[in-house]
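Listing of data-v9.txt; format and content: compact mmCIF, C-alpha atoms and all ligand atoms.
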```
# COMPACT_ATOMS: atom_id res chain seq x y z
CA MET A 1 -83.88 -13.38 -56.47
CA SER A 2 -82.24 -14.36 -59.77
CA THR A 3 -78.53 -15.27 -59.74
CA ILE A 4 -77.68 -12.08 -61.61
CA SER A 5 -79.43 -9.79 -59.17
CA ALA A 6 -78.05 -11.80 -56.22
CA LEU A 7 -74.57 -11.32 -57.72
CA GLU A 8 -75.11 -7.60 -58.21
CA ALA A 9 -76.44 -7.26 -54.67
CA LEU A 10 -73.43 -9.13 -53.29
CA LYS A 11 -70.97 -6.94 -55.21
CA ASP A 12 -72.74 -3.83 -53.96
CA THR A 13 -72.44 -5.10 -50.40
CA HIS A 14 -68.75 -5.90 -50.98
CA ARG A 15 -68.06 -2.43 -52.36
CA LYS A 16 -69.76 -0.72 -49.42
CA THR A 17 -67.95 -3.03 -47.00
CA TRP A 18 -64.48 -2.24 -48.34
CA ALA A 19 -65.33 1.47 -48.48
CA SER A 20 -66.28 1.43 -44.80
CA GLY A 21 -63.90 1.84 -41.91
CA ASP A 22 -60.40 2.93 -42.86
CA TYR A 23 -58.93 0.35 -45.23
CA PRO A 24 -56.20 2.80 -46.38
CA SER A 25 -54.67 2.68 -42.88
CA ILE A 26 -54.81 -1.14 -42.86
CA ALA A 27 -53.16 -1.19 -46.30
CA GLU A 28 -50.18 0.61 -44.75
CA LEU A 29 -49.66 -2.45 -42.51
CA VAL A 30 -49.41 -4.82 -45.48
CA THR A 31 -47.30 -2.88 -47.98
CA ASP A 32 -44.73 -5.72 -47.86
CA VAL A 33 -47.21 -8.03 -49.63
CA GLY A 34 -47.61 -5.70 -52.61
CA ALA A 35 -43.85 -5.14 -52.77
CA SER A 36 -43.23 -8.88 -52.71
CA VAL A 37 -45.83 -9.54 -55.42
CA ALA A 38 -44.29 -6.89 -57.70
CA ARG A 39 -40.77 -8.22 -56.99
CA GLU A 40 -41.73 -11.86 -57.69
CA ALA A 41 -43.24 -10.73 -60.99
CA GLY A 42 -39.92 -9.20 -62.05
CA VAL A 43 -41.76 -6.16 -63.40
CA ARG A 44 -39.74 -4.51 -66.16
CA ALA A 45 -39.55 -0.87 -67.23
CA GLY A 46 -41.92 -0.16 -70.10
CA SER A 47 -44.06 -3.25 -69.57
CA GLU A 48 -47.84 -3.08 -69.15
CA VAL A 49 -49.04 -4.12 -65.70
CA LEU A 50 -52.51 -4.58 -64.24
CA ASP A 51 -53.07 -4.61 -60.46
CA VAL A 52 -56.43 -6.32 -59.79
CA ALA A 53 -58.35 -5.47 -56.61
CA ALA A 54 -55.61 -2.90 -56.12
CA GLY A 55 -57.15 -0.95 -53.24
CA THR A 56 -54.76 1.90 -52.53
CA GLY A 57 -52.09 0.49 -54.84
CA ASN A 58 -49.84 -1.72 -52.71
CA ALA A 59 -48.73 -3.73 -55.76
CA ALA A 60 -49.38 -1.02 -58.37
CA ILE A 61 -47.02 1.54 -56.80
CA PRO A 62 -43.90 -0.68 -56.65
CA ALA A 63 -44.66 -1.83 -60.20
CA ALA A 64 -44.84 1.80 -61.34
CA LEU A 65 -41.62 2.58 -59.45
CA ALA A 66 -39.99 -0.20 -61.51
CA GLY A 67 -40.88 1.82 -64.60
CA ALA A 68 -43.96 -0.10 -65.79
CA GLN A 69 -47.13 1.45 -67.19
CA VAL A 70 -49.64 0.49 -64.55
CA ILE A 71 -53.41 0.29 -64.32
CA ALA A 72 -54.81 -0.16 -60.80
CA SER A 73 -58.34 -1.60 -60.86
CA ASP A 74 -60.73 -2.23 -58.00
CA LEU A 75 -64.42 -2.72 -57.23
CA THR A 76 -64.24 0.10 -54.66
CA PRO A 77 -63.31 3.44 -56.23
CA GLU A 78 -63.53 5.12 -52.82
CA LEU A 79 -60.07 3.64 -52.14
CA PHE A 80 -58.58 5.44 -55.13
CA VAL A 81 -58.54 8.74 -53.22
CA ALA A 82 -55.83 7.39 -50.92
CA GLY A 83 -54.28 5.48 -53.82
CA ARG A 84 -53.86 8.63 -55.91
CA ARG A 85 -52.35 10.47 -52.94
CA ARG A 86 -49.88 7.63 -52.29
CA ALA A 87 -48.94 7.42 -55.98
CA ALA A 88 -48.32 11.18 -56.06
CA GLU A 89 -46.16 10.92 -52.94
CA ALA A 90 -44.19 8.12 -54.60
CA GLY A 91 -43.81 10.24 -57.73
CA VAL A 92 -45.47 7.77 -60.10
CA ALA A 93 -48.37 8.00 -62.57
CA ILE A 94 -50.97 5.22 -62.35
CA GLU A 95 -54.32 4.91 -64.10
CA TRP A 96 -57.14 4.04 -61.66
CA ILE A 97 -60.11 2.14 -63.10
CA THR A 98 -63.20 0.85 -61.32
CA ALA A 99 -63.52 -2.82 -62.30
CA ASP A 100 -64.83 -6.12 -61.01
CA ALA A 101 -62.16 -8.86 -60.97
CA GLU A 102 -64.83 -11.19 -62.37
CA ASP A 103 -65.45 -8.99 -65.41
CA LEU A 104 -62.28 -7.10 -66.25
CA PRO A 105 -62.89 -4.35 -68.86
CA PHE A 106 -59.72 -5.13 -70.84
CA GLU A 107 -59.08 -6.93 -74.09
CA ASP A 108 -57.57 -10.42 -74.20
CA ALA A 109 -53.77 -10.62 -73.73
CA ARG A 110 -53.47 -6.89 -72.97
CA PHE A 111 -50.96 -7.09 -70.08
CA ASP A 112 -47.41 -8.39 -69.67
CA THR A 113 -47.98 -8.81 -65.96
CA VAL A 114 -51.12 -9.19 -63.85
CA LEU A 115 -50.78 -8.66 -60.10
CA SER A 116 -53.01 -8.88 -57.07
CA SER A 117 -52.02 -8.30 -53.46
CA LEU A 118 -54.55 -9.67 -50.93
CA GLY A 119 -57.16 -8.71 -53.51
CA VAL A 120 -58.73 -11.25 -55.84
CA GLN A 121 -59.31 -13.71 -53.02
CA PHE A 122 -62.21 -11.50 -51.92
CA ALA A 123 -64.19 -11.83 -55.16
CA PRO A 124 -66.89 -14.49 -54.76
CA ARG A 125 -66.51 -16.67 -57.88
CA HIS A 126 -62.98 -18.03 -57.81
CA GLU A 127 -63.11 -19.86 -61.17
CA VAL A 128 -64.40 -16.76 -62.94
CA VAL A 129 -61.56 -14.68 -61.47
CA ALA A 130 -58.93 -17.24 -62.52
CA ASP A 131 -60.36 -17.22 -66.06
CA GLU A 132 -60.20 -13.42 -66.18
CA LEU A 133 -56.62 -13.21 -64.87
CA VAL A 134 -55.42 -15.64 -67.54
CA ARG A 135 -57.50 -14.00 -70.28
CA VAL A 136 -56.01 -10.50 -69.84
CA CYS A 137 -52.42 -11.77 -69.49
CA ARG A 138 -50.47 -12.09 -72.76
CA PRO A 139 -48.96 -15.44 -73.79
CA GLY A 140 -45.55 -15.60 -72.14
CA GLY A 141 -46.72 -13.16 -69.46
CA THR A 142 -46.89 -13.60 -65.70
CA ILE A 143 -49.63 -13.49 -63.08
CA VAL A 144 -48.54 -13.04 -59.46
CA LEU A 145 -50.94 -13.17 -56.53
CA GLY A 146 -50.34 -12.70 -52.81
CA ASN A 147 -53.18 -14.35 -50.89
CA TRP A 148 -53.63 -14.82 -47.16
CA ALA A 149 -52.76 -18.47 -46.47
CA ALA A 150 -55.80 -20.39 -45.24
CA ASP A 151 -53.91 -21.64 -42.18
CA GLY A 152 -52.20 -18.31 -41.41
CA TYR A 153 -53.48 -15.69 -38.98
CA ILE A 154 -55.71 -13.64 -41.31
CA GLY A 155 -56.80 -16.80 -43.20
CA ARG A 156 -57.94 -18.30 -39.89
CA PHE A 157 -59.42 -14.91 -38.93
CA TRP A 158 -61.76 -15.19 -41.96
CA SER A 159 -62.61 -18.83 -41.20
CA THR A 160 -63.46 -17.79 -37.63
CA MET A 161 -65.79 -15.05 -38.88
CA GLY A 162 -67.53 -17.37 -41.37
CA PRO A 163 -70.01 -19.13 -39.04
CA TYR A 164 -71.10 -15.79 -37.56
CA LEU A 165 -72.01 -14.29 -40.93
CA PRO A 166 -75.08 -14.93 -43.10
CA ALA A 167 -74.56 -17.96 -45.35
CA PRO A 168 -73.10 -16.73 -48.67
CA PRO A 169 -75.01 -17.41 -51.91
CA THR A 170 -74.32 -20.84 -53.37
CA PHE A 171 -72.22 -19.38 -56.20
CA ALA A 172 -69.80 -17.72 -53.74
CA SER A 173 -66.68 -19.33 -52.27
CA PRO A 174 -64.97 -18.05 -49.12
CA PRO A 175 -61.68 -16.09 -49.37
CA PRO A 176 -59.38 -18.60 -47.57
CA GLY A 177 -59.66 -21.02 -50.55
CA TRP A 178 -57.30 -18.83 -52.59
CA GLY A 179 -54.75 -19.38 -49.82
CA ARG A 180 -54.63 -23.18 -50.31
CA VAL A 181 -52.26 -24.69 -52.88
CA GLU A 182 -54.65 -27.50 -53.98
CA HIS A 183 -57.51 -25.06 -54.49
CA VAL A 184 -55.38 -22.72 -56.60
CA GLU A 185 -54.04 -25.66 -58.65
CA ALA A 186 -57.63 -26.72 -59.35
CA LEU A 187 -58.63 -23.17 -60.36
CA PHE A 188 -55.87 -23.01 -62.99
CA ALA A 189 -55.97 -26.70 -64.00
CA ASP A 190 -57.58 -26.01 -67.38
CA HIS A 191 -55.34 -23.05 -68.19
CA PRO A 192 -51.93 -22.98 -69.93
CA VAL A 193 -50.04 -21.79 -66.86
CA GLU A 194 -47.15 -23.15 -64.86
CA LEU A 195 -47.57 -22.49 -61.15
CA THR A 196 -45.04 -22.02 -58.37
CA PHE A 197 -45.84 -21.31 -54.72
CA THR A 198 -43.89 -19.74 -51.88
CA ARG A 199 -44.93 -18.52 -48.43
CA GLU A 200 -44.07 -15.26 -46.74
CA ALA A 201 -45.42 -13.50 -43.67
CA VAL A 202 -46.45 -10.03 -42.57
CA ARG A 203 -45.91 -9.10 -38.92
CA PHE A 204 -48.70 -7.35 -37.00
CA GLU A 205 -47.93 -5.85 -33.58
CA ASP A 206 -49.96 -4.11 -30.91
CA ALA A 207 -50.09 -3.65 -27.15
CA SER A 208 -52.30 -6.75 -26.76
CA ALA A 209 -54.45 -9.18 -28.76
CA GLU A 210 -57.50 -7.20 -27.56
CA ALA A 211 -56.04 -3.87 -28.69
CA PHE A 212 -55.23 -5.27 -32.12
CA LEU A 213 -58.69 -6.78 -32.53
CA ASP A 214 -60.45 -3.57 -31.50
CA MET A 215 -58.27 -1.49 -33.83
CA PHE A 216 -59.08 -3.93 -36.66
CA ALA A 217 -62.81 -3.81 -35.89
CA ASP A 218 -62.74 -0.01 -36.20
CA ARG A 219 -60.84 0.05 -39.50
CA TYR A 220 -61.17 -3.23 -41.46
CA GLY A 221 -64.50 -2.98 -43.31
CA PRO A 222 -65.45 -6.68 -43.20
CA LEU A 223 -64.94 -6.86 -39.43
CA LEU A 224 -66.52 -3.43 -38.89
CA GLN A 225 -69.65 -4.62 -40.75
CA ALA A 226 -69.68 -7.92 -38.85
CA ARG A 227 -69.49 -6.01 -35.56
CA ALA A 228 -72.40 -3.75 -36.59
CA LYS A 229 -74.57 -6.73 -37.57
CA LEU A 230 -73.68 -9.01 -34.66
CA SER A 231 -74.05 -6.23 -32.09
CA GLN A 232 -77.74 -6.09 -33.02
CA ASP A 233 -78.36 -9.71 -32.07
CA GLY A 234 -75.93 -9.92 -29.16
CA ARG A 235 -73.34 -12.15 -30.86
CA TRP A 236 -70.49 -9.67 -31.33
CA ASN A 237 -68.83 -10.46 -27.99
CA ALA A 238 -68.69 -14.16 -28.89
CA LEU A 239 -66.94 -13.43 -32.20
CA ARG A 240 -64.65 -10.91 -30.53
CA ASP A 241 -63.71 -13.52 -27.91
CA ASP A 242 -63.03 -16.15 -30.60
CA LEU A 243 -60.81 -13.74 -32.55
CA ILE A 244 -58.92 -12.69 -29.43
CA ALA A 245 -58.43 -16.39 -28.61
CA LEU A 246 -57.01 -16.90 -32.12
CA GLY A 247 -54.64 -13.96 -31.64
CA THR A 248 -53.60 -15.25 -28.22
CA GLU A 249 -52.94 -18.73 -29.62
CA MET A 250 -50.77 -17.33 -32.42
CA ASN A 251 -49.05 -14.63 -30.36
CA ILE A 252 -45.27 -14.85 -30.66
CA ALA A 253 -44.42 -11.81 -28.52
CA THR A 254 -42.43 -12.65 -25.41
CA ASP A 255 -42.77 -9.29 -23.65
CA GLY A 256 -46.48 -9.40 -22.81
CA THR A 257 -47.54 -7.52 -25.95
CA PHE A 258 -49.02 -8.90 -29.19
CA ALA A 259 -47.19 -9.95 -32.37
CA VAL A 260 -48.20 -12.39 -35.07
CA GLY A 261 -46.64 -13.36 -38.36
CA SER A 262 -49.54 -13.71 -40.78
CA ASP A 263 -48.59 -16.05 -43.63
CA TYR A 264 -49.50 -15.38 -47.22
CA LEU A 265 -49.12 -17.56 -50.27
CA VAL A 266 -47.28 -16.05 -53.23
CA ILE A 267 -48.54 -17.66 -56.43
CA VAL A 268 -46.57 -17.16 -59.62
CA ALA A 269 -48.37 -18.32 -62.77
CA HIS A 270 -46.34 -18.20 -66.01
CA LYS A 271 -48.62 -18.29 -69.03
CA ALA A 272 -47.32 -20.40 -71.89
CA ALA A 273 -45.96 -18.40 -74.85
C1 LIG B 301 -57.74 -6.62 -48.49
S1 LIG B 301 -58.09 -5.42 -49.71
C2 LIG B 301 -56.53 -5.41 -50.62
C3 LIG B 301 -56.28 -4.14 -51.34
C4 LIG B 301 -54.85 -3.95 -51.87
N1 LIG B 301 -54.57 -4.82 -52.97
C5 LIG B 301 -53.80 -4.08 -50.79
O1 LIG B 301 -52.82 -4.82 -50.98
O2 LIG B 301 -53.94 -3.41 -49.76
C6 LIG B 301 -59.20 -6.27 -50.80
C7 LIG B 301 -59.56 -5.45 -52.01
O3 LIG B 301 -60.34 -6.26 -52.88
C8 LIG B 301 -61.29 -5.42 -53.50
N2 LIG B 301 -62.34 -6.27 -54.06
C9 LIG B 301 -63.23 -7.05 -53.40
N3 LIG B 301 -64.04 -7.70 -54.28
C10 LIG B 301 -63.62 -7.33 -55.51
C11 LIG B 301 -64.04 -7.66 -56.83
N4 LIG B 301 -65.06 -8.49 -57.05
N5 LIG B 301 -63.40 -7.10 -57.87
C12 LIG B 301 -62.36 -6.23 -57.68
N6 LIG B 301 -61.94 -5.87 -56.45
C13 LIG B 301 -62.55 -6.43 -55.39
C14 LIG B 301 -61.74 -4.51 -52.39
O4 LIG B 301 -62.38 -3.37 -52.85
C15 LIG B 301 -60.40 -4.23 -51.71
O5 LIG B 301 -59.78 -3.11 -52.27
```
The structure in this file should be written as structure tokens.
Amino acid sequence: MSTISALEALKDTHRKTWASGDYPSIAELVTDVGASVAREAGVRAGSEVLDVAAGTGNAAIPAALAGAQVIASDLTPELFVAGRRRAAEAGVAIEWITADAEDLPFEDARFDTVLSSLGVQFAPRHEVVADELVRVCRPGGTIVLGNWAADGYIGRFWSTMGPYLPAPPTFASPPPGWGRVEHVEALFADHPVELTFTREAVRFEDASAEAFLDMFADRYGPLLQARAKLSQDGRWNALRDDLIALGTEMNIATDGTFAVGSDYLVIVAHKAA
């Protein structure tokens, strides 16, 4: 298969994966990340904002509530149904556009602010995404990303899944990279941006590590698809056990239930004027 058709096939798989399960309900568990990304960006009324890999609008909606003109873009338009409903409930108008983070359909320097909440780290070609984020941001503008930290709960969740999944194409890099400071510095090294990093955490709670994992496997497309594939060759229980062991190791609940603080890296990139 040529690289182009392998890339198209991978994107098609990614779109179907994120459309599967019930990502909108998972997004409700991580609204703090989008709020924090929009806050760190200091979104101003009247400014033009792009949310990349916006899903159901966790960063787009707070940006619109701040009075910005917001475009929410994502590879998976199926998620816009919930996004439009949430925006209507919040009383804001957002434009929803199907777009690949690696090939944004916007002119150079179009946006004052470019946001992504747990989004761009799931596109396969990290350098291409970094180039696109900088390209569509105006000089003097700001890019803010919230990415699962590689050594946090969901970052380690993805690293645990990795060996169970088919090897990705050579051009693809795994999502946890975007949650490592050195990797992000390298991605932006050739761009006129000044980077700052902070860490925050989202708390997940459930009755037990097993209950959380099984809920996640029903609703989080990437784990739902892994379960479907690995169930066919008898390896699902091994991955499930590994992920429950991870949850048990990181459990901070003291009452016999399950609670983890999943760290994410907030990356603020100021583009030189
Ligand atoms: C974990 S979800 C985050 C969604 C949302 N930003 C949030 O905070 O809930 C990851 C999102 O990345 C999107 N995505 C994956 N690959 C993408 C790509 N190449 N271009 C644009 N969006 C992509 C998925 O469709 C999904 O909506």
May I have a table of the residues of chain A lying at most 9 Å from ligand LIG 301 (chain B), giving each one's closest pair of atoms and their distance in Å to one decimal, counting all atoms listed in the file, ordered by chain and ascending residue number, as JSON lines?
```
{"residue": "A:Lys11", "atom": "CA", "partner": "B:LIG301", "partner_atom": "N4", "distance": 6.4}
{"residue": "A:His14", "atom": "CA", "partner": "B:LIG301", "partner_atom": "N3", "distance": 6.0}
{"residue": "A:Arg15", "atom": "CA", "partner": "B:LIG301", "partner_atom": "O4", "distance": 5.8}
{"residue": "A:Lys16", "atom": "CA", "partner": "B:LIG301", "partner_atom": "O4", "distance": 8.6}
{"residue": "A:Thr17", "atom": "CA", "partner": "B:LIG301", "partner_atom": "O4", "distance": 8.1}
{"residue": "A:Trp18", "atom": "CA", "partner": "B:LIG301", "partner_atom": "O4", "distance": 5.1}
{"residue": "A:Ala19", "atom": "CA", "partner": "B:LIG301", "partner_atom": "O4", "distance": 7.2}
{"residue": "A:Tyr23", "atom": "CA", "partner": "B:LIG301", "partner_atom": "S1", "distance": 7.4}
{"residue": "A:Pro24", "atom": "CA", "partner": "B:LIG301", "partner_atom": "O2", "distance": 7.4}
{"residue": "A:Ile26", "atom": "CA", "partner": "B:LIG301", "partner_atom": "O2", "distance": 7.3}
{"residue": "A:Ala27", "atom": "CA", "partner": "B:LIG301", "partner_atom": "O2", "distance": 4.2}
{"residue": "A:Glu28", "atom": "CA", "partner": "B:LIG301", "partner_atom": "O2", "distance": 7.4}
{"residue": "A:Leu29", "atom": "CA", "partner": "B:LIG301", "partner_atom": "O2", "distance": 8.5}
{"residue": "A:Val30", "atom": "CA", "partner": "B:LIG301", "partner_atom": "O2", "distance": 6.4}
{"residue": "A:Thr31", "atom": "CA", "partner": "B:LIG301", "partner_atom": "O1", "distance": 6.6}
{"residue": "A:Asp32", "atom": "CA", "partner": "B:LIG301", "partner_atom": "O1", "distance": 8.7}
{"residue": "A:Val33", "atom": "CA", "partner": "B:LIG301", "partner_atom": "O1", "distance": 6.6}
{"residue": "A:Gly34", "atom": "CA", "partner": "B:LIG301", "partner_atom": "O1", "distance": 5.5}
{"residue": "A:Asp51", "atom": "CA", "partner": "B:LIG301", "partner_atom": "N1", "distance": 7.6}
{"residue": "A:Val52", "atom": "CA", "partner": "B:LIG301", "partner_atom": "C12", "distance": 6.3}
{"residue": "A:Ala53", "atom": "CA", "partner": "B:LIG301", "partner_atom": "N6", "distance": 3.6}
{"residue": "A:Ala54", "atom": "CA", "partner": "B:LIG301", "partner_atom": "N1", "distance": 3.8}
{"residue": "A:Gly55", "atom": "CA", "partner": "B:LIG301", "partner_atom": "O5", "distance": 3.5}
{"residue": "A:Thr56", "atom": "CA", "partner": "B:LIG301", "partner_atom": "C4", "distance": 5.9}
{"residue": "A:Gly57", "atom": "CA", "partner": "B:LIG301", "partner_atom": "C4", "distance": 6.0}
{"residue": "A:Asn58", "atom": "CA", "partner": "B:LIG301", "partner_atom": "O1", "distance": 4.6}
{"residue": "A:Ala59", "atom": "CA", "partner": "B:LIG301", "partner_atom": "O1", "distance": 6.4}
{"residue": "A:Ala60", "atom": "CA", "partner": "B:LIG301", "partner_atom": "N1", "distance": 8.4}
{"residue": "A:Ser73", "atom": "CA", "partner": "B:LIG301", "partner_atom": "C12", "distance": 6.9}
{"residue": "A:Asp74", "atom": "CA", "partner": "B:LIG301", "partner_atom": "N6", "distance": 4.1}
{"residue": "A:Leu75", "atom": "CA", "partner": "B:LIG301", "partner_atom": "N6", "distance": 4.1}
{"residue": "A:Thr76", "atom": "CA", "partner": "B:LIG301", "partner_atom": "O4", "distance": 4.3}
{"residue": "A:Pro77", "atom": "CA", "partner": "B:LIG301", "partner_atom": "O4", "distance": 7.7}
{"residue": "A:Glu78", "atom": "CA", "partner": "B:LIG301", "partner_atom": "O4", "distance": 8.6}
{"residue": "A:Leu79", "atom": "CA", "partner": "B:LIG301", "partner_atom": "O5", "distance": 6.8}
{"residue": "A:Thr98", "atom": "CA", "partner": "B:LIG301", "partner_atom": "C12", "distance": 8.0}
{"residue": "A:Ala99", "atom": "CA", "partner": "B:LIG301", "partner_atom": "C12", "distance": 5.9}
{"residue": "A:Asp100", "atom": "CA", "partner": "B:LIG301", "partner_atom": "N5", "distance": 3.6}
{"residue": "A:Ala101", "atom": "CA", "partner": "B:LIG301", "partner_atom": "N5", "distance": 3.8}
{"residue": "A:Glu102", "atom": "CA", "partner": "B:LIG301", "partner_atom": "N4", "distance": 6.0}
{"residue": "A:Asp103", "atom": "CA", "partner": "B:LIG301", "partner_atom": "N5", "distance": 8.0}
{"residue": "A:Leu104", "atom": "CA", "partner": "B:LIG301", "partner_atom": "N5", "distance": 8.5}
{"residue": "A:Leu115", "atom": "CA", "partner": "B:LIG301", "partner_atom": "N1", "distance": 8.9}
{"residue": "A:Ser116", "atom": "CA", "partner": "B:LIG301", "partner_atom": "N1", "distance": 6.0}
{"residue": "A:Ser117", "atom": "CA", "partner": "B:LIG301", "partner_atom": "N1", "distance": 4.3}
{"residue": "A:Leu118", "atom": "CA", "partner": "B:LIG301", "partner_atom": "C2", "distance": 4.7}
{"residue": "A:Gly119", "atom": "CA", "partner": "B:LIG301", "partner_atom": "O3", "distance": 4.1}
{"residue": "A:Val120", "atom": "CA", "partner": "B:LIG301", "partner_atom": "O3", "distance": 6.0}
{"residue": "A:Gln121", "atom": "CA", "partner": "B:LIG301", "partner_atom": "O3", "distance": 7.5}
{"residue": "A:Phe122", "atom": "CA", "partner": "B:LIG301", "partner_atom": "C9", "distance": 4.8}
{"residue": "A:Ala123", "atom": "CA", "partner": "B:LIG301", "partner_atom": "N4", "distance": 3.9}
{"residue": "A:Pro124", "atom": "CA", "partner": "B:LIG301", "partner_atom": "N4", "distance": 6.7}
{"residue": "A:Arg125", "atom": "CA", "partner": "B:LIG301", "partner_atom": "N4", "distance": 8.3}
{"residue": "A:Val129", "atom": "CA", "partner": "B:LIG301", "partner_atom": "N4", "distance": 8.4}
{"residue": "A:Gly146", "atom": "CA", "partner": "B:LIG301", "partner_atom": "O1", "distance": 8.5}
{"residue": "A:Tyr220", "atom": "CA", "partner": "B:LIG301", "partner_atom": "C1", "distance": 8.5}
```
Just checking: using all atoms listed in the file, which residue out of A:Val144, A:Val128, A:Leu65, A:Ala88 ends up closest to His270 of chain A?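 Closest residue, counting all atoms listed in the file: A:Val144.
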What are the centre and the three edge lengths of an axis-aligned box that wraps all atoms of segment 262-270 of chain A in the file, given that 5 Å is added to every side, written as AutoDock Vina command-line options and rounded to one decimal in Å?
```
--center_x -47.9 --center_y -16.0 --center_z -53.4 --size_x 13.2 --size_y 14.6 --size_z 35.2
```
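With distances taken over all atoms listed in the file, A:Gly155 is the one residue among A:Gly140, A:Gly155, A:Gly91, A:Gly67 lying closest to Leu246 of chain A.
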Need the neighbours of (-56.1, -23.0, -65.2): which residues are at most 10 Å away, counting only C-alpha atoms, as a VMD selection string? chain A and resid 127 130 to 131 133 to 134 184 to 195 269 271
Writer output for current selection, C-alpha atoms, as a PDB file, in the coordinates of the input:
```
ATOM      1  CA  GLU A 127     -63.110 -19.860 -61.170  1.00  0.00           C
ATOM      2  CA  ALA A 130     -58.930 -17.240 -62.520  1.00  0.00           C
ATOM      3  CA  ASP A 131     -60.360 -17.220 -66.060  1.00  0.00           C
ATOM      4  CA  LEU A 133     -56.620 -13.210 -64.870  1.00  0.00           C
ATOM      5  CA  VAL A 134     -55.420 -15.640 -67.540  1.00  0.00           C
ATOM      6  CA  VAL A 184     -55.380 -22.720 -56.600  1.00  0.00           C
ATOM      7  CA  GLU A 185     -54.040 -25.660 -58.650  1.00  0.00           C
ATOM      8  CA  ALA A 186     -57.630 -26.720 -59.350  1.00  0.00           C
ATOM      9  CA  LEU A 187     -58.630 -23.170 -60.360  1.00  0.00           C
ATOM     10  CA  PHE A 188     -55.870 -23.010 -62.990  1.00  0.00           C
ATOM     11  CA  ALA A 189     -55.970 -26.700 -64.000  1.00  0.00           C
ATOM     12  CA  ASP A 190     -57.580 -26.010 -67.380  1.00  0.00           C
ATOM     13  CA  HIS A 191     -55.340 -23.050 -68.190  1.00  0.00           C
ATOM     14  CA  PRO A 192     -51.930 -22.980 -69.930  1.00  0.00           C
ATOM     15  CA  VAL A 193     -50.040 -21.790 -66.860  1.00  0.00           C
ATOM     16  CA  GLU A 194     -47.150 -23.150 -64.860  1.00  0.00           C
ATOM     17  CA  LEU A 195     -47.570 -22.490 -61.150  1.00  0.00           C
ATOM     18  CA  ALA A 269     -48.370 -18.320 -62.770  1.00  0.00           C
ATOM     19  CA  LYS A 271     -48.620 -18.290 -69.030  1.00  0.00           C
TER      20      LYS A 271
END
```
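Across the model, the gap from atom CA of Val49 of chain A to atom CA of Arg199 of chain A is 22.9 Å.
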Any idea what the distance is between atom CA of Ala228 of chain A and atom CA of Gly21 of chain A?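 Straight-line distance from atom CA of Ala228 of chain A to atom CA of Gly21 of chain A works out to 11.5 Å.
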Counting all atoms listed in the file, closest pick from A:Asn147, A:Thr257, A:Ser25, A:Thr113 relative to Phe197 of chain A is A:Asn147
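Note that the spacing between atom CA of Gln69 of chain A and atom CA of Ala273 of chain A amounts to 21.3 Å.
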Choose the residue, out of A:Ala63, A:Ile71, A:Ala90, A:Ala209, that has the smallest atom-to-atom separation from Arg240 of chain A; count only C-alpha atoms. A:Ala209
List the neighbours of Asp241 of chain A out to 10 Å using only C-alpha atoms; skip same-chain residues closer than 5 positions along the sequence, and give me the result as an mmCIF file with C-alpha atoms, keeping the file's coordinate frame.
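After the write, out_37.cif holds the following:
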```cif
data_model
loop_
_atom_site.group_PDB
_atom_site.id
_atom_site.type_symbol
_atom_site.label_atom_id
_atom_site.label_comp_id
_atom_site.auth_asym_id
_atom_site.auth_seq_id
_atom_site.Cartn_x
_atom_site.Cartn_y
_atom_site.Cartn_z
ATOM 1 C CA GLU A 210 -57.500 -7.200 -27.560
ATOM 2 C CA LEU A 213 -58.690 -6.780 -32.530
ATOM 3 C CA TRP A 236 -70.490 -9.670 -31.330
ATOM 4 C CA LEU A 246 -57.010 -16.900 -32.120
ATOM 5 C CA GLY A 247 -54.640 -13.960 -31.640
#
```
Using only C-alpha atoms, pick whichever of A:Asp22, A:Asp112, A:Glu8, A:Glu95 has the shortest atom-to-atom distance to Arg219 of chain A.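 Among A:Asp22, A:Asp112, A:Glu8, A:Glu95, it is A:Asp22 that comes nearest to Arg219 of chain A.
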Which residue gives the smallest distance to Leu165 of chain A among A:Ile143, A:Ala226, A:Ala217, A:Ile94, with only C-alpha atoms counted?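 Residue with the minimum atom-to-atom distance to Leu165 of chain A: A:Ala226.
Residues in contact with Arg44 of chain A at up to 7 Å, not including ones fewer than 3 positions away on its chain and judged by only C-alpha atoms, are A:Ser47, A:Ala66, A:Gly67, A:Ala68.
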Counting only C-alpha atoms, what is within 9 Å of Phe204 of chain A, bar same-chain residues fewer than 4 positions away, as a PyMOL selection string? chain A and resi 29-30+212+258-262
Reconstructed segment 203-208 of chain A, atom set N, CA and C atoms, as an mmCIF file, keeping the file's coordinate frame:
```cif
data_model
loop_
_atom_site.group_PDB
_atom_site.id
_atom_site.type_symbol
_atom_site.label_atom_id
_atom_site.label_comp_id
_atom_site.auth_asym_id
_atom_site.auth_seq_id
_atom_site.Cartn_x
_atom_site.Cartn_y
_atom_site.Cartn_z
ATOM 1 N N ARG A 203 -45.841 -9.160 -40.389
ATOM 2 C CA ARG A 203 -45.910 -9.100 -38.920
ATOM 3 C C ARG A 203 -46.866 -7.996 -38.500
ATOM 4 N N PHE A 204 -47.816 -8.346 -37.631
ATOM 5 C CA PHE A 204 -48.700 -7.350 -37.000
ATOM 6 C C PHE A 204 -48.318 -7.260 -35.530
ATOM 7 N N GLU A 205 -48.277 -6.036 -35.005
ATOM 8 C CA GLU A 205 -47.930 -5.850 -33.580
ATOM 9 C C GLU A 205 -48.899 -4.873 -32.948
ATOM 10 N N ASP A 206 -49.158 -5.064 -31.669
ATOM 11 C CA ASP A 206 -49.960 -4.110 -30.910
ATOM 12 C C ASP A 206 -49.681 -4.338 -29.429
ATOM 13 N N ALA A 207 -50.335 -3.526 -28.592
ATOM 14 C CA ALA A 207 -50.090 -3.650 -27.150
ATOM 15 C C ALA A 207 -50.615 -4.988 -26.614
ATOM 16 N N SER A 208 -51.696 -5.498 -27.213
ATOM 17 C CA SER A 208 -52.300 -6.750 -26.760
ATOM 18 C C SER A 208 -53.156 -7.311 -27.886
#
```
